[in-house]
Amino acid sequence: MANIILPRALTTDDKVRLMEEDACFEIASDYDAEGINAAGRIRSRGAPPKIPKAFVASNCVFNCAYCGCRSSLTGERCGYVNDPRALARLAAGMAKENGHGVFVTSAIYKNADYTQELIAQTVRYMREEEHYHGFIHAKVMPGADPQLIAKTGSGADRLSVNIEVANSEGYARIAKQKNKNNILTPMADIAGQIASAKQSKERFAYSQTTQLMAGSTGEDDRTIMTLSRALYDKYRLKRVYYTAYRYNHDAQGYDKMPFVVTPYWRMARLYQADRLMQLYGFTPDDVTPQSDPFLQQDIDPKAAWALRHLDLYPVEINTADYETLLRVPGIGVTYAKKIIAARRYTVITHDILKQMRVALKRCRYFITCDGKYIADNLLDSPALRGCLVSGGEDMSISASLAESRACEISDKSDKVKITDIDI
Ligand code: SF4
């Protein structure tokens, strides 16, 4: 969580402003396409709606090295502790103004269960007293009691507990009070409660997400992708959010820990690899094989896969099945569907692809149209890789774009994203 140190008593306007500022730097986005545009050719039709965060408290009893809410940080903090009614009023106001929802979250105040109770009450007051019926994402504290999770989930639409590190040994290094057990147990509990609520048709949150910091334990991207796949499968997560680990200050209790700032381009590549797994049928081995465990800065993971499997190309656009089309760089979910639909009425030529606005500049190396190949035999040339690199694009990704990814958004935009992403 970001740093909120307050030197004086705050007005309500101050609090709202601080929460809004903080929301720009917190929690990975549910909709990364905007940031990825700059990095690697994933397209989307519009900027994602972002939702504000409402904090129950920002003074934590835990002391995670990377966090601005850690206990070892001195100074007065913003907090709404013991006043969930007031926070509910504020949060409902923010959510109504924003139009897309709100994220009710907190640092751990006193202990996990005490804080979870406050979050649950806030959510309940938002529904019952503020009559807010829109999207609520509520945070679940590490090690929270299942009954309190049930209470929170009965009013929220989405729950999340952050896994943070890709290796469980990482907790001892950067988040000493956290451990595998106090993160995965509530995650399993949420998954179980979502599943049983679906069966019994009781009202309960319908999705779960988590956040994972890349670079916090020196792990490779293969480790991250393998973990993400396991989390999606085992806990039926809606999304894994990737955020850049940044430790560029000295935190008490973490003496001589080396400074690390994970570059933003890595987040862009992780989001691309994640979407390839979720929407395109790629596996962790496809995007990060053992022989190549890091995603590459200058080339997106789908193009990298194609370069490793040149023997499968070119594919004939008029006969390739949907899954094969999805493996062609430049043809994503949207265009694979459009091509298959168009094939019913005509023989697809390169001109027709151009009219359909398929990224011919990118896919021409990997396809034939009615037997015709137009890429000067580049498929067999070492120059092909150079044609696929993200030339001219700013692979560092500006801070503002990356930070725009760090905002929570509502479920509505997921639908836009799933149909619109192409890589
Ligand atoms: S548990 Fe760790 S990451 Fe979460 S608010 Fe507390 S110090 Fe920050």
# chains A, B, ... in the order shown; residues from 1 in each chain; ligands from 1
call {"tool": "residues_around", "arguments": {"residues": "Asp321 in chain A", "least_positions_apart": "2", "cutoff": "12 Å", "atoms": "only C-alpha atoms", "output": "list in words"}}
result
Val315, Glu316, Ile317, Asn318, Thr319, Glu323, Thr324, Leu325, Leu326, Arg327, Val328, Ala336, Lys337, Ile339, Ile340, Ala341 and Arg343 of chain A
call {"tool": "residues_near_ligand", "arguments": {"ligand": "ligand 1", "cutoff": "8 Å", "atoms": "only C-alpha atoms and all ligand atoms", "output": "number ranges by chain"}}
result
A: 1, 58-71, 106-108, 141-142, 175, 177-178
call {"tool": "closest_residue", "arguments": {"among": "A:Ser196, A:Pro314, A:Thr334, A:Arg236", "to": "Leu279 in chain A", "atoms": "only C-alpha atoms"}}
result
A:Thr334
